[in-house]
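Data first, discussion second: the structure below is written as structure tokens.
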Amino acid sequence: SIGRVASQVASILAGKNSASYTKNTLATEKVVIINASKLKVDAKKMLTVFHEKYSGYPGGLKLESNEKIAAKKGYGEILKLAIHGMLPRNKLRDRAMKNLKVSE
């Protein structure tokens with residue numbers, strides 16, 4: 001399922017599988033996920049899980065369900081959002097996400 005894969009990938013991207021792990025340095029490992037569309041996603045979670053986007057302007061909050069995101073951008077985007085949410089919220093998160101490649 002998506003959550004189990006995302007938690008393992010987030011751990012690798014954070015560098016926690018390395019013996020030389022330090023929380024203030026970026027890990028050098030790169031992760032490639034193939035066949036993201038074959039991951040199991042519960043039908044209820046496709047409809048009830050929402051992701052927020054905020055433009056910064058008043059009234060600029062948008063909510064999109066997993067179903068709409070999968071229809072627009074594919075299952076790989078849902079997986080990226082799950083991994084992004086599991087990484088530590090610091091300056092290294094965006095740099096760690098660059099070490100991730102997801103293909104359908």
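Each chain of the structure tokens is named A, B, ... in the order shown, its residues numbered from 1; ligands are numbered from 1 in display order.
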What lies within 6 Å of segment 33-42 of chain A using only C-alpha atoms, ignoring chain neighbours under 6 positions off, as a compact mmCIF listing (two decimals) with N, CA and C atoms, in the first residue's frame?
# COMPACT_ATOMS: atom_id res chain seq x y z
N SER A 1 0.84 -1.18 0.00
CA SER A 1 0.00 0.00 0.00
C SER A 1 0.88 1.24 0.00
N TYR A 75 -0.94 8.32 -10.03
CA TYR A 75 -0.70 7.81 -8.69
C TYR A 75 0.67 8.22 -8.15
N GLY A 76 1.59 8.51 -9.03
CA GLY A 76 2.92 8.93 -8.59
C GLY A 76 2.87 10.22 -7.80
N VAL A 102 9.80 9.03 -9.44
CA VAL A 102 8.65 8.15 -9.45
C VAL A 102 8.15 8.01 -10.88
N SER A 103 7.97 6.78 -11.32
CA SER A 103 7.42 6.55 -12.66
C SER A 103 6.19 5.68 -12.55
N GLU A 104 5.27 5.91 -13.46
CA GLU A 104 4.03 5.15 -13.47
C GLU A 104 4.36 3.77 -13.98
If you run DSSP over the backbone, which residues in chain A end up strand (DSSP E or B)? Put them as an MDAnalysis selection string. chainID A and resid 31:33 50:54 61:65 100:102
Which is closest to Leu87 of chain A among A:Val5, A:Lys53, A:Pro58, A:Ala14, if we use only C-alpha atoms?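 Distance minimum relative to Leu87 of chain A lands on A:Ala14.
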Gap from atom CA of Glu52 of chain A to atom CA of Glu67 of chain A - Å, one decimal: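 According to the coordinates, atom CA of Glu52 of chain A and atom CA of Glu67 of chain A are separated by 13.8 Å.
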Can you measure atom CA of Asn17 of chain A to atom CA of Arg4 of chain A for me? One decimal in Å is fine. 15.8 Å
Using only C-alpha atoms, which residue out of A:Val31, A:Val9, A:Lys73, A:His51 lies closest to Lys101 of chain A?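 Of the candidates, the smallest distance to Lys101 of chain A is held by A:Val31.
Across the structure, atom CA of Leu100 of chain A and atom CA of Leu13 of chain A are spaced 7.9 Å apart.
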Within 10 Å of segment 23-28 of chain A, which residues of segment 37-91 of chain A show up? Give each one with its shortest atom-to-atom distance in Å (one decimal) and the two atoms involved, counting only C-alpha atoms, rows by chain then rising residue number, as a Markdown table.
| residue | atom | partner | partner_atom | distance |
| --- | --- | --- | --- | --- |
| A:Pro88 | CA | A:Lys23 | CA | 9.4 |
| A:Asn90 | CA | A:Asn24 | CA | 9.4 |
| A:Lys91 | CA | A:Asn24 | CA | 9.4 |
Backbone-only DSSP, helix (DSSP H, G or I) members of chain A, as a PyMOL selection string: chain A and resi 2-14+36-38+43-48+66-73+75-86+92-97
Which of A:Ala82, A:Ala6, A:Ala70, A:Ile12 sits closest to Ala96 of chain A [using only C-alpha atoms]: A:Ile12
Of the listed residues A:Gly3, A:Leu81, A:Gly74, A:Lys98, that which approaches Phe50 of chain A most closely, counting only C-alpha atoms: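 Of A:Gly3, A:Leu81, A:Gly74, A:Lys98, the one nearest Phe50 of chain A, counting only C-alpha atoms, is A:Leu81.
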